[in-house]
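Coordinates as given in model-v5.txt (compact mmCIF, C-alpha atoms):
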# COMPACT_ATOMS: atom_id res chain seq x y z
CA MET A 1 45.13 -32.93 39.31
CA SER A 2 47.86 -33.59 36.77
CA ILE A 3 50.23 -30.61 36.33
CA GLN A 4 50.12 -29.34 32.74
CA ILE A 5 51.75 -25.96 33.19
CA ILE A 6 54.83 -25.00 35.17
CA THR A 7 55.65 -21.34 35.77
CA ILE A 8 59.22 -20.53 36.74
CA SER A 9 59.83 -17.16 38.38
CA ARG A 10 63.48 -16.45 39.10
CA GLN A 11 66.00 -14.06 40.56
CA PHE A 12 68.41 -12.69 37.94
CA GLY A 13 71.42 -14.99 37.62
CA SER A 14 69.88 -17.87 39.61
CA GLY A 15 69.79 -20.25 36.65
CA GLY A 16 65.98 -20.32 36.66
CA ARG A 17 65.85 -20.14 32.88
CA THR A 18 68.26 -23.07 32.50
CA ILE A 19 66.20 -25.07 34.98
CA ALA A 20 63.02 -24.23 33.05
CA LYS A 21 64.59 -25.27 29.74
CA GLN A 22 65.93 -28.58 31.07
CA LEU A 23 62.59 -29.31 32.69
CA ALA A 24 60.70 -28.67 29.45
CA GLU A 25 63.06 -30.95 27.53
CA ARG A 26 62.84 -33.73 30.08
CA LEU A 27 59.04 -33.58 30.32
CA GLY A 28 58.50 -32.98 26.60
CA TYR A 29 56.67 -29.71 27.43
CA ASP A 30 56.65 -26.59 25.26
CA TYR A 31 58.98 -23.87 26.53
CA TYR A 32 58.05 -20.18 26.62
CA ASP A 33 60.44 -17.39 27.47
CA LYS A 34 61.54 -15.03 24.67
CA GLU A 35 58.75 -16.66 22.65
CA ILE A 36 56.30 -14.62 24.74
CA ILE A 37 58.04 -11.40 23.66
CA ASP A 38 57.72 -12.43 20.00
CA SER A 39 53.96 -12.93 20.40
CA VAL A 40 53.52 -9.68 22.33
CA ALA A 41 55.44 -7.85 19.56
CA VAL A 42 53.09 -9.25 16.92
CA GLU A 43 49.96 -8.47 18.93
CA SER A 44 50.97 -5.02 20.19
CA GLY A 45 52.93 -3.56 17.29
CA PHE A 46 55.84 -2.68 19.62
CA SER A 47 59.33 -3.89 18.76
CA LYS A 48 60.80 -6.94 20.50
CA GLU A 49 63.64 -4.78 21.85
CA TYR A 50 61.21 -2.29 23.40
CA ILE A 51 59.13 -5.05 25.01
CA GLU A 52 62.18 -6.86 26.33
CA LYS A 53 63.62 -3.67 27.80
CA ARG A 54 60.39 -2.29 29.24
CA GLY A 55 58.28 -5.38 29.86
CA GLU A 56 59.77 -5.94 33.30
CA GLU A 57 59.82 -2.33 34.44
CA ALA A 58 57.45 -0.73 36.88
CA PRO A 59 55.28 2.04 35.39
CA GLY A 60 56.06 4.69 38.01
CA LYS A 61 59.37 5.52 36.36
CA THR A 62 58.03 5.85 32.83
CA THR A 63 57.32 9.53 32.35
CA PHE A 64 55.37 10.41 29.23
CA SER A 65 54.49 6.79 28.52
CA TYR A 66 50.75 7.46 28.33
CA GLY A 67 49.89 7.02 24.70
CA PHE A 68 53.19 8.63 23.80
CA GLU A 69 54.59 5.60 22.02
CA SER A 70 51.32 4.33 20.63
CA GLN A 71 51.72 5.37 17.02
CA GLY A 72 52.13 1.76 15.96
CA VAL A 73 48.66 0.83 17.22
CA PRO A 74 46.41 3.86 16.83
CA GLY A 75 43.11 3.67 18.63
CA ILE A 76 43.85 0.36 20.31
CA MET A 77 45.51 1.42 23.55
CA ASN A 78 42.45 3.31 24.77
CA GLY A 79 44.34 5.71 26.99
CA MET A 80 46.48 3.00 28.59
CA SER A 81 50.16 3.69 29.10
CA SER A 82 52.43 1.68 26.84
CA LEU A 83 53.55 -0.47 29.78
CA ASP A 84 49.96 -1.21 30.81
CA PHE A 85 49.18 -2.06 27.21
CA ILE A 86 52.18 -4.43 26.97
CA TRP A 87 51.18 -6.05 30.25
CA SER A 88 47.62 -6.66 29.10
CA ILE A 89 48.79 -8.21 25.81
CA GLN A 90 51.40 -10.27 27.68
CA ARG A 91 48.69 -11.49 30.05
CA GLN A 92 46.52 -12.55 27.12
CA VAL A 93 49.42 -14.37 25.44
CA ILE A 94 50.08 -16.31 28.67
CA CYS A 95 46.38 -17.19 29.06
CA ASN A 96 46.31 -18.38 25.44
CA ILE A 97 49.32 -20.64 26.03
CA ALA A 98 47.58 -22.16 29.06
CA ASP A 99 44.27 -22.52 27.20
CA SER A 100 45.94 -24.19 24.22
CA GLY A 101 45.99 -27.46 26.13
CA LYS A 102 49.65 -28.08 25.31
CA PRO A 103 51.73 -28.84 28.42
CA SER A 104 54.11 -25.91 28.88
CA VAL A 105 56.86 -24.36 30.97
CA ILE A 106 56.54 -20.57 31.16
CA VAL A 107 59.38 -18.35 32.43
CA GLY A 108 58.58 -15.26 34.52
CA ARG A 109 56.26 -12.40 33.52
CA SER A 110 53.99 -12.81 36.57
CA SER A 111 52.64 -16.04 35.05
CA ASN A 112 52.15 -17.49 38.55
CA TYR A 113 49.65 -14.73 39.28
CA ILE A 114 48.06 -14.64 35.83
CA LEU A 115 47.27 -18.38 35.98
CA ARG A 116 46.38 -18.44 39.69
CA ASP A 117 42.83 -19.73 39.17
CA ARG A 118 43.86 -22.88 37.28
CA ASP A 119 44.42 -26.07 39.21
CA ASP A 120 46.75 -27.69 36.66
CA VAL A 121 49.57 -25.21 37.29
CA LEU A 122 52.69 -25.58 39.44
CA ASN A 123 54.35 -22.30 40.39
CA ALA A 124 58.07 -22.48 41.10
CA TYR A 125 60.48 -19.74 42.19
CA ILE A 126 64.25 -20.06 41.84
CA CYS A 127 66.58 -17.96 43.97
CA ALA A 128 70.30 -18.20 44.73
CA ASP A 129 73.00 -16.64 46.85
CA LEU A 130 74.42 -13.35 45.59
CA GLY A 131 77.98 -14.66 45.06
CA PHE A 132 76.71 -17.51 42.88
CA ARG A 133 74.62 -15.10 40.84
CA LYS A 134 77.45 -12.60 40.37
CA ASP A 135 79.75 -15.33 39.01
CA ARG A 136 77.00 -16.70 36.82
CA ILE A 137 75.99 -13.48 35.07
CA VAL A 138 79.60 -12.55 34.32
CA ARG A 139 80.22 -16.04 32.89
CA LEU A 140 77.02 -16.06 30.83
CA TYR A 141 76.54 -12.43 29.81
CA GLY A 142 80.11 -11.11 30.09
CA GLU A 143 81.54 -8.16 31.99
CA SER A 144 79.99 -4.71 31.67
CA GLU A 145 80.69 -1.23 32.95
CA VAL A 146 78.20 -1.80 35.72
CA LYS A 147 79.35 -4.06 38.55
CA PRO A 148 77.65 -7.50 38.69
CA GLU A 149 76.09 -6.82 42.10
CA LYS A 150 74.48 -3.60 40.87
CA ARG A 151 73.23 -5.30 37.70
CA ILE A 152 71.57 -7.99 39.80
CA ILE A 153 70.04 -5.58 42.30
CA ASP A 154 68.71 -3.30 39.53
CA LYS A 155 67.19 -6.16 37.55
CA ASP A 156 65.54 -7.80 40.57
CA LYS A 157 64.25 -4.44 41.79
CA LYS A 158 62.58 -3.79 38.43
CA ARG A 159 61.03 -7.26 38.34
CA ALA A 160 59.77 -6.90 41.89
CA ALA A 161 58.31 -3.43 41.23
CA ASN A 162 56.63 -4.59 38.01
CA HIS A 163 55.17 -7.65 39.72
CA LYS A 164 53.95 -5.61 42.69
CA HIS A 165 52.39 -2.96 40.47
CA TYR A 166 50.43 -5.36 38.30
CA THR A 167 49.57 -8.11 40.81
CA GLY A 168 49.76 -6.57 44.29
CA GLU A 169 51.96 -9.52 45.28
CA ASN A 170 55.38 -9.30 46.88
CA TRP A 171 57.78 -10.90 44.43
CA GLY A 172 59.67 -13.84 45.91
CA LEU A 173 57.37 -14.24 48.93
CA SER A 174 57.13 -18.00 49.26
CA GLU A 175 53.38 -18.15 49.86
CA ASN A 176 52.85 -16.97 46.27
CA TYR A 177 54.48 -20.12 44.86
CA ASP A 178 54.13 -23.88 45.33
CA VAL A 179 57.85 -24.57 45.53
CA CYS A 180 60.84 -22.23 45.98
CA LEU A 181 64.35 -23.57 45.57
CA ASN A 182 67.80 -22.09 46.19
CA SER A 183 69.79 -23.23 43.18
CA SER A 184 73.19 -22.31 44.64
CA LYS A 185 72.53 -24.50 47.67
CA LEU A 186 70.79 -27.42 45.94
CA GLY A 187 72.42 -27.32 42.49
CA LEU A 188 70.60 -26.71 39.22
CA ASP A 189 70.22 -30.42 38.42
CA SER A 190 68.58 -31.10 41.79
CA CYS A 191 66.13 -28.26 41.20
CA VAL A 192 65.16 -29.87 37.90
CA ASP A 193 64.82 -33.27 39.63
CA ILE A 194 62.61 -31.90 42.43
CA ILE A 195 60.17 -30.16 40.09
CA TYR A 196 60.20 -33.11 37.67
CA ASP A 197 59.33 -35.51 40.51
CA ILE A 198 56.45 -33.26 41.66
CA VAL A 199 55.01 -33.26 38.13
CA MET A 200 55.37 -37.04 37.73
CA LYS A 201 53.72 -37.62 41.11
CA SER A 202 50.76 -35.42 40.10
CA ARG A 203 49.95 -37.87 37.30
CA LYS A 204 49.38 -40.83 39.61
CA MET B 1 78.48 -31.05 52.55
CA SER B 2 76.26 -33.58 54.31
CA ILE B 3 73.19 -31.97 55.89
CA GLN B 4 73.19 -32.54 59.64
CA ILE B 5 70.62 -29.97 60.72
CA ILE B 6 67.27 -29.14 59.18
CA THR B 7 65.39 -26.03 60.29
CA ILE B 8 61.67 -25.93 59.54
CA SER B 9 59.99 -22.53 59.63
CA ARG B 10 56.25 -22.64 59.06
CA GLN B 11 53.04 -20.70 58.68
CA PHE B 12 50.56 -21.44 61.45
CA GLY B 13 48.36 -24.40 60.44
CA SER B 14 50.51 -25.44 57.46
CA GLY B 15 51.51 -28.77 58.98
CA GLY B 16 55.16 -27.75 59.21
CA ARG B 17 55.51 -29.30 62.64
CA THR B 18 54.07 -32.64 61.45
CA ILE B 19 56.45 -32.58 58.47
CA ALA B 20 59.38 -31.85 60.80
CA LYS B 21 58.43 -34.71 63.12
CA GLN B 22 58.00 -37.24 60.31
CA LEU B 23 61.29 -36.12 58.79
CA ALA B 24 63.14 -36.55 62.09
CA GLU B 25 61.69 -40.03 62.55
CA ARG B 26 62.51 -41.11 59.01
CA LEU B 27 66.08 -39.78 59.16
CA GLY B 28 66.68 -40.84 62.75
CA TYR B 29 67.45 -37.22 63.67
CA ASP B 30 66.71 -35.59 67.03
CA TYR B 31 63.59 -33.41 67.03
CA TYR B 32 63.42 -30.00 68.71
CA ASP B 33 60.27 -27.97 69.09
CA LYS B 34 58.74 -27.61 72.56
CA GLU B 35 62.03 -29.10 73.82
CA ILE B 36 63.62 -25.71 73.10
CA ILE B 37 61.10 -24.03 75.41
CA ASP B 38 61.96 -26.50 78.17
CA SER B 39 65.65 -25.65 77.88
CA VAL B 40 65.00 -21.90 77.72
CA ALA B 41 62.84 -22.21 80.87
CA VAL B 42 65.67 -23.92 82.74
CA GLU B 43 68.29 -21.42 81.55
CA SER B 44 66.23 -18.24 81.98
CA GLY B 45 64.13 -18.93 85.05
CA PHE B 46 60.94 -17.95 83.18
CA SER B 47 58.02 -20.37 83.10
CA LYS B 48 57.38 -22.55 80.05
CA GLU B 49 53.96 -20.93 79.63
CA TYR B 50 55.45 -17.44 79.60
CA ILE B 51 58.13 -18.39 77.07
CA GLU B 52 55.65 -20.18 74.84
CA LYS B 53 53.27 -17.23 74.87
CA ARG B 54 55.82 -14.47 74.50
CA GLY B 55 58.70 -16.18 72.68
CA GLU B 56 57.20 -15.49 69.26
CA GLU B 57 56.01 -11.95 69.93
CA ALA B 58 57.63 -8.78 68.72
CA PRO B 59 58.96 -6.51 71.47
CA GLY B 60 57.26 -3.30 70.34
CA LYS B 61 53.99 -4.34 71.92
CA THR B 62 55.44 -5.26 75.29
CA THR B 63 55.06 -2.21 77.49
CA PHE B 64 56.93 -2.33 80.79
CA SER B 65 58.85 -5.45 79.78
CA TYR B 66 62.25 -3.90 80.53
CA GLY B 67 63.47 -5.72 83.56
CA PHE B 68 59.94 -5.75 84.87
CA GLU B 69 59.60 -9.51 84.95
CA SER B 70 63.18 -10.25 85.82
CA GLN B 71 62.81 -11.09 89.50
CA GLY B 72 63.49 -14.75 88.75
CA VAL B 73 66.95 -14.02 87.46
CA PRO B 74 68.27 -10.98 89.31
CA GLY B 75 71.39 -9.41 87.87
CA ILE B 76 71.50 -11.64 84.81
CA MET B 77 69.35 -9.72 82.36
CA ASN B 78 71.66 -6.67 82.40
CA GLY B 79 69.00 -4.20 81.39
CA MET B 80 67.62 -6.35 78.59
CA SER B 81 63.86 -6.60 78.17
CA SER B 82 62.42 -9.98 79.06
CA LEU B 83 61.77 -10.71 75.39
CA ASP B 84 65.34 -9.83 74.42
CA PHE B 85 66.58 -12.01 77.26
CA ILE B 86 64.41 -14.95 76.15
CA TRP B 87 65.62 -14.50 72.58
CA SER B 88 69.28 -14.51 73.58
CA ILE B 89 68.85 -17.68 75.68
CA GLN B 90 66.82 -19.30 72.88
CA ARG B 91 69.59 -18.43 70.42
CA GLN B 92 72.17 -20.04 72.68
CA VAL B 93 70.05 -23.19 73.11
CA ILE B 94 69.75 -23.53 69.30
CA CYS B 95 73.52 -22.99 68.82
CA ASN B 96 74.19 -25.65 71.48
CA ILE B 97 71.92 -28.13 69.67
CA ALA B 98 73.81 -27.51 66.42
CA ASP B 99 77.21 -27.72 68.14
CA SER B 100 76.31 -30.98 69.88
CA GLY B 101 77.09 -32.86 66.67
CA LYS B 102 73.82 -34.79 66.83
CA PRO B 103 71.83 -34.60 63.57
CA SER B 104 68.67 -32.61 64.36
CA VAL B 105 65.45 -31.14 63.04
CA ILE B 106 64.65 -27.77 64.66
CA VAL B 107 61.21 -26.16 64.35
CA GLY B 108 60.93 -22.37 64.00
CA ARG B 109 62.38 -19.76 66.37
CA SER B 110 64.45 -18.03 63.66
CA SER B 111 66.77 -21.05 63.60
CA ASN B 112 67.40 -20.51 59.88
CA TYR B 113 68.95 -17.13 60.72
CA ILE B 114 70.69 -18.20 63.91
CA LEU B 115 72.53 -21.03 62.11
CA ARG B 116 73.13 -19.12 58.87
CA ASP B 117 76.92 -19.40 58.99
CA ARG B 118 76.98 -23.21 59.11
CA ASP B 119 77.23 -25.16 55.88
CA ASP B 120 75.66 -28.37 57.21
CA VAL B 121 72.21 -26.81 57.61
CA LEU B 122 69.19 -27.02 55.29
CA ASN B 123 66.58 -24.30 55.85
CA ALA B 124 63.02 -25.21 54.87
CA TYR B 125 59.85 -23.11 55.02
CA ILE B 126 56.36 -24.62 54.89
CA CYS B 127 53.38 -22.54 53.82
CA ALA B 128 49.84 -23.47 52.76
CA ASP B 129 46.66 -21.94 51.40
CA LEU B 130 44.45 -20.19 53.94
CA GLY B 131 41.48 -22.56 53.54
CA PHE B 132 43.65 -25.60 54.23
CA ARG B 133 45.12 -23.93 57.32
CA LYS B 134 41.72 -22.88 58.68
CA ASP B 135 40.41 -26.45 58.43
CA ARG B 136 43.56 -27.82 59.94
CA ILE B 137 43.75 -25.63 63.06
CA VAL B 138 40.08 -26.25 63.89
CA ARG B 139 40.60 -30.01 63.47
CA LEU B 140 43.82 -30.07 65.52
CA TYR B 141 43.30 -27.38 68.14
CA GLY B 142 39.50 -27.17 68.23
CA GLU B 143 37.14 -24.24 67.83
CA SER B 144 37.64 -21.04 69.84
CA GLU B 145 35.86 -17.72 70.26
CA VAL B 146 38.21 -16.18 67.73
CA LYS B 147 37.57 -17.10 64.10
CA PRO B 148 40.17 -19.43 62.51
CA GLU B 149 41.21 -16.84 59.95
CA LYS B 150 41.91 -14.25 62.63
CA ARG B 151 43.84 -16.78 64.74
CA ILE B 152 46.03 -17.57 61.74
CA ILE B 153 46.62 -13.96 60.77
CA ASP B 154 47.43 -12.93 64.36
CA LYS B 155 49.86 -15.80 64.89
CA ASP B 156 51.69 -15.30 61.60
CA LYS B 157 51.85 -11.55 62.17
CA LYS B 158 53.51 -12.09 65.55
CA ARG B 159 55.99 -14.60 64.16
CA ALA B 160 56.84 -12.27 61.27
CA ALA B 161 57.28 -9.27 63.58
CA ASN B 162 59.44 -11.24 66.01
CA HIS B 163 61.60 -12.59 63.17
CA LYS B 164 61.97 -9.15 61.59
CA HIS B 165 62.85 -7.51 64.91
CA TYR B 166 65.57 -9.95 65.85
CA THR B 167 67.01 -10.85 62.44
CA GLY B 168 66.13 -8.00 60.07
CA GLU B 169 64.80 -10.65 57.66
CA ASN B 170 61.37 -10.70 56.09
CA TRP B 171 59.71 -13.88 57.33
CA GLY B 172 58.66 -16.20 54.52
CA LEU B 173 60.74 -14.45 51.85
CA SER B 174 62.02 -17.37 49.82
CA GLU B 175 65.60 -16.14 49.50
CA ASN B 176 66.04 -16.67 53.25
CA TYR B 177 65.49 -20.44 52.93
CA ASP B 178 66.88 -23.25 50.78
CA VAL B 179 63.52 -24.83 50.02
CA CYS B 180 59.96 -23.52 50.49
CA LEU B 181 57.01 -25.84 49.97
CA ASN B 182 53.26 -25.32 49.84
CA SER B 183 51.91 -28.25 51.83
CA SER B 184 48.27 -27.78 50.72
CA LYS B 185 49.33 -28.01 47.07
CA LEU B 186 51.95 -30.75 47.38
CA GLY B 187 50.63 -32.74 50.34
CA LEU B 188 52.43 -33.23 53.65
CA ASP B 189 53.93 -36.59 52.65
CA SER B 190 55.43 -35.13 49.49
CA CYS B 191 56.99 -32.30 51.51
CA VAL B 192 58.63 -34.91 53.74
CA ASP B 193 59.81 -36.85 50.66
CA ILE B 194 61.31 -33.77 48.98
CA ILE B 195 63.30 -32.70 52.04
CA TYR B 196 64.31 -36.30 52.81
CA ASP B 197 65.64 -36.73 49.25
CA ILE B 198 67.65 -33.49 49.50
CA VAL B 199 69.28 -34.70 52.72
CA MET B 200 70.05 -38.16 51.30
CA LYS B 201 71.55 -36.60 48.16
CA SER B 202 73.79 -34.38 50.30
CA ARG B 203 75.50 -37.51 51.67
CA LYS B 204 76.74 -38.74 48.30
Turn this file's structure into C-alpha cells for me.
Amino acid sequence: MSIQIITISRQFGSGGRTIAKQLAERLGYDYYDKEIIDSVAVESGFSKEYIEKRGEEAPGKTTFSYGFESQGVPGIMNGMSSLDFIWSIQRQVICNIADSGKPSVIVGRSSNYILRDRDDVLNAYICADLGFRKDRIVRLYGESEVKPEKRIIDKDKKRAANHKHYTGENWGLSENYDVCLNSSKLGLDSCVDIIYDIVMKSRK
Amino acid sequence: MSIQIITISRQFGSGGRTIAKQLAERLGYDYYDKEIIDSVAVESGFSKEYIEKRGEEAPGKTTFSYGFESQGVPGIMNGMSSLDFIWSIQRQVICNIADSGKPSVIVGRSSNYILRDRDDVLNAYICADLGFRKDRIVRLYGESEVKPEKRIIDKDKKRAANHKHYTGENWGLSENYDVCLNSSKLGLDSCVDIIYDIVMKSRK
C-alpha cells in the first residue's frame, strides 16, 4: 500500500520538525505542524497561544479546567475539560487532513495513534542524544533562565504524559511506530533519506 | 566513524534474527547469536541448555539460585547468583567480540547497553505487529500446547525484565537504539536494506 501520510513524533530538540519539513518538500507532500493549531483555534474558539501552550500537557495538572475556560464556546464542550475539548478537536482536524486525500506529513499530536487504523500511514519517531538536543535548542530557540536540560526534560515529560493520557500508549516505545531514528547518531539528512526511501519503495 | 559492530535486539517472532543473519552475510561480518551461548558455556561451566533457558530471564523469579547451581565452578561465582554469573560472563564474551577488531553482528543479550561507550557500534531494534509474529513463530517453531500469543508475551516479558534488571533500561524504548524498525510493516528485506545502507554510509 502506497504511503500517503507520514506522522513524525519527536523528542524536543531532536530535529524531528526539520526532518518532517524537508521530507514534505522533497516528496511534494503538504506539511502540518503549527497549521494544526490554527485549525483547532478556529474550530474550538480558543486562542492559538492557549492551544500551543496547553495542547501538549497532561490533564492531571490542570486544576479548574472543567468548563472553566469555555466562555468562547458556550454549550459546545458538554462538560469536557478544556484540554479534553482541545484534544477532541485536534483529533478531528488530523482525521480531516488524512481524509482529504492530499499526501501529508503531520508533526506530533499523537497522530500515529489517531490514524492507527489506516494502512496508508507511516509512523516515524525521531529521538537524539541529550547533548545534541541541548546544543540544538539553545542554537534555535536561544538561552533562557531555565537550563537546556530541564527545558528538554519538562517538554518531553509533558508530551509523554499527554500521549499516555489520551492514547494509553507509552510515548517513544518503538512498537508504536514503524521506524524510529536517532538523529544525532545518523544525521538529519540520513533520517530524511531513510524515510524518503521507505515511501518511494511503497509505491512500487 | 565507520560502523564495525551492529547489535540487533528484537521482539520474539519479529524476524530480527533472520535480518541479523542476512545483514552479516551481505556485509561479510561475523555473526553471533547461539555462538555467544557456546562461549558462555565454556567460560562458566554451565550447560548450553541451562544458559539458553535462563540467560534471558529476570533474577527475581529464580528462588534458590544463589550459589545453588554453582558446583560446576566452585569458588568462582563469589556469592553471585547463577543468573548474575551468567550475565557477567556473557557481558565479557560480548566485550571480547567487540575488542577482537572483527566486524560483527551480535543478536540480543543487552549488547546495545554493554557496548554503549563505543562509537563504532550501531544499535538496531526490530519489532513487528502481533499477528505477524504469531504466524511466524508457528511457521518456524511449530505449534505447542501454549497459544502463540502467550508464548510471545511470556518471552518478551522475560527479555524486558532481564534487560531492565541488568541495565536499568526499558527494553524497546526507542531512545536506547539508533534505529528501530517494524518488520511486519516494512518487510524483512527492507529492514536489511536500511541497516546495510546506514553501515555503508558510515564508511564514506
Contacts of segment 146-159 of chain A at 10 Å (only C-alpha atoms; same-chain gap of 5+ positions) as a CSV table (one decimal) with C-alpha atoms, in the coordinates of the input:
chain,number,residue,atom,x,y,z
A,9,SER,CA,59.8,-17.2,38.4
A,10,ARG,CA,63.5,-16.4,39.1
A,11,GLN,CA,66.0,-14.1,40.6
A,12,PHE,CA,68.4,-12.7,37.9
A,13,GLY,CA,71.4,-15.0,37.6
A,54,ARG,CA,60.4,-2.3,29.2
A,55,GLY,CA,58.3,-5.4,29.9
A,56,GLU,CA,59.8,-5.9,33.3
A,57,GLU,CA,59.8,-2.3,34.4
A,58,ALA,CA,57.4,-0.7,36.9
A,59,PRO,CA,55.3,2.0,35.4
A,108,GLY,CA,58.6,-15.3,34.5
A,109,ARG,CA,56.3,-12.4,33.5
A,110,SER,CA,54.0,-12.8,36.6
A,130,LEU,CA,74.4,-13.4,45.6
A,131,GLY,CA,78.0,-14.7,45.1
A,133,ARG,CA,74.6,-15.1,40.8
A,134,LYS,CA,77.4,-12.6,40.4
A,135,ASP,CA,79.8,-15.3,39.0
A,136,ARG,CA,77.0,-16.7,36.8
A,137,ILE,CA,76.0,-13.5,35.1
A,138,VAL,CA,79.6,-12.6,34.3
A,164,LYS,CA,54.0,-5.6,42.7
A,165,HIS,CA,52.4,-3.0,40.5
A,171,TRP,CA,57.8,-10.9,44.4
A,172,GLY,CA,59.7,-13.8,45.9
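Of the listed residues (B:Arg17, B:Ala161, B:Ser202, B:Leu173), B:Ser202 comes nearest to Gly187 of chain A; the distances count all atoms listed in the file.
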So what do you get for atom CA of Lys53 of chain B versus atom CA of Ser174 of chain B, distance-wise?
26.5 Å
What are the residues of chain A lining chain B at 9 Å or less? Count only C-alpha atoms, and put the answer as a list in words.
Leu122, Tyr125, Ile126, Cys127, Ala128, Asp129, Asn170, Trp171, Gly172, Leu173, Ser174, Glu175, Tyr177, Asp178, Val179, Cys180, Leu181, Asn182, Ser183, Ser184, Lys185, Leu186, Ser190, Ile194, Asp197, Ile198, Lys201 and Ser202 of chain A
Give me, please, the distance in Å between atom CA of Pro103 of chain B and atom CA of Ile6 of chain B, quoted to one decimal.
8.4 Å
Work out how far apart atom CA of Ile19 of chain A and atom CA of Val192 of chain A are and give it in Å to one decimal.
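Between atom CA of Ile19 of chain A and atom CA of Val192 of chain A the gap works out to 5.7 Å.
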Give as a list of chain:residue names each residue that has an atom at most 6 Å from (51.2, -4.1, 20.7) in the file, counting all atoms listed in the file.
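Those within range, by chain then number, are A:Ala41, A:Glu43, A:Ser44, A:Gly45, A:Phe46.
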Please produce an output containing C-alpha atoms for each residue in the selection, written as a PDB file, in the frame of the given file.
ATOM      1  CA  ALA A  41      55.440  -7.850  19.560  1.00  0.00           C
ATOM      2  CA  GLU A  43      49.960  -8.470  18.930  1.00  0.00           C
ATOM      3  CA  SER A  44      50.970  -5.020  20.190  1.00  0.00           C
ATOM      4  CA  GLY A  45      52.930  -3.560  17.290  1.00  0.00           C
ATOM      5  CA  PHE A  46      55.840  -2.680  19.620  1.00  0.00           C
TER       6      PHE A  46
END
Using the file's own x, y and z axes, what box holds all listed atoms of segment 103-114 of chain B with 3 Å on each side, keeping edges along x, y and z, and what are its centre and edge lengths in Å to one decimal, as lines of an AutoDock Vina configuration file?
center_x = 66.4
center_y = -25.9
center_z = 63.1
size_x = 16.9
size_y = 23.5
size_z = 12.5
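In this comparison, which uses all atoms listed in the file, the residue of A:Arg116, A:Arg91, A:Lys204, A:Arg26 approaching Ser104 of chain A most closely is A:Arg26.
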Tell me, as a ChimeraX atom specification, which residues lie within 9 Å of Leu115 of chain B, counting only C-alpha atoms; anything in the same chain fewer than 3 positions away does not count.
/B:7,94-95,98,110-112,118-119,121
Contact residues around Gln22 of chain A with only C-alpha atoms at 12 Å, ignoring same-chain residues under 4 positions, as a PDB file with C-alpha atoms, keeping the file's coordinate frame:
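Final file, result_15.pdb:
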ATOM      1  CA  ILE A   8      59.220 -20.530  36.740  1.00  0.00           C
ATOM      2  CA  GLY A  15      69.790 -20.250  36.650  1.00  0.00           C
ATOM      3  CA  GLY A  16      65.980 -20.320  36.660  1.00  0.00           C
ATOM      4  CA  ARG A  17      65.850 -20.140  32.880  1.00  0.00           C
ATOM      5  CA  THR A  18      68.260 -23.070  32.500  1.00  0.00           C
ATOM      6  CA  ARG A  26      62.840 -33.730  30.080  1.00  0.00           C
ATOM      7  CA  LEU A  27      59.040 -33.580  30.320  1.00  0.00           C
ATOM      8  CA  GLY A  28      58.500 -32.980  26.600  1.00  0.00           C
ATOM      9  CA  TYR A  29      56.670 -29.710  27.430  1.00  0.00           C
ATOM     10  CA  ASP A  30      56.650 -26.590  25.260  1.00  0.00           C
ATOM     11  CA  TYR A  31      58.980 -23.870  26.530  1.00  0.00           C
ATOM     12  CA  VAL A 105      56.860 -24.360  30.970  1.00  0.00           C
ATOM     13  CA  LEU A 188      70.600 -26.710  39.220  1.00  0.00           C
ATOM     14  CA  ASP A 189      70.220 -30.420  38.420  1.00  0.00           C
ATOM     15  CA  SER A 190      68.580 -31.100  41.790  1.00  0.00           C
ATOM     16  CA  CYS A 191      66.130 -28.260  41.200  1.00  0.00           C
ATOM     17  CA  VAL A 192      65.160 -29.870  37.900  1.00  0.00           C
ATOM     18  CA  ASP A 193      64.820 -33.270  39.630  1.00  0.00           C
ATOM     19  CA  ILE A 195      60.170 -30.160  40.090  1.00  0.00           C
ATOM     20  CA  TYR A 196      60.200 -33.110  37.670  1.00  0.00           C
TER      21      TYR A 196
END
Given only C-alpha atoms as the basis, pick out the residue of B:Val199, B:Phe85, B:Ile37, B:Ala160 nearest to Ala24 of chain B.
B:Val199
Please, can segment 87-96 of chain A be completed to N, CA and C atoms and returned as a compact mmCIF listing (two decimals), keeping the file's coordinate frame?
# COMPACT_ATOMS: atom_id res chain seq x y z
N TRP A 87 51.53 -5.07 29.22
CA TRP A 87 51.18 -6.05 30.25
C TRP A 87 49.88 -6.78 29.89
N SER A 88 48.91 -6.02 29.39
CA SER A 88 47.62 -6.66 29.10
C SER A 88 47.73 -7.64 27.93
N ILE A 89 48.56 -7.29 26.94
CA ILE A 89 48.79 -8.21 25.81
C ILE A 89 49.55 -9.45 26.31
N GLN A 90 50.58 -9.19 27.12
CA GLN A 90 51.40 -10.27 27.68
C GLN A 90 50.52 -11.25 28.48
N ARG A 91 49.61 -10.69 29.25
CA ARG A 91 48.69 -11.49 30.05
C ARG A 91 47.85 -12.39 29.13
N GLN A 92 47.37 -11.79 28.04
CA GLN A 92 46.52 -12.55 27.12
C GLN A 92 47.31 -13.67 26.43
N VAL A 93 48.56 -13.36 26.08
CA VAL A 93 49.42 -14.37 25.44
C VAL A 93 49.62 -15.55 26.39
N ILE A 94 49.86 -15.25 27.67
CA ILE A 94 50.08 -16.31 28.67
C ILE A 94 48.80 -17.14 28.88
N CYS A 95 47.66 -16.46 28.93
CA CYS A 95 46.38 -17.19 29.06
C CYS A 95 46.14 -18.09 27.84
N ASN A 96 46.48 -17.58 26.67
CA ASN A 96 46.31 -18.38 25.44
C ASN A 96 47.19 -19.64 25.46
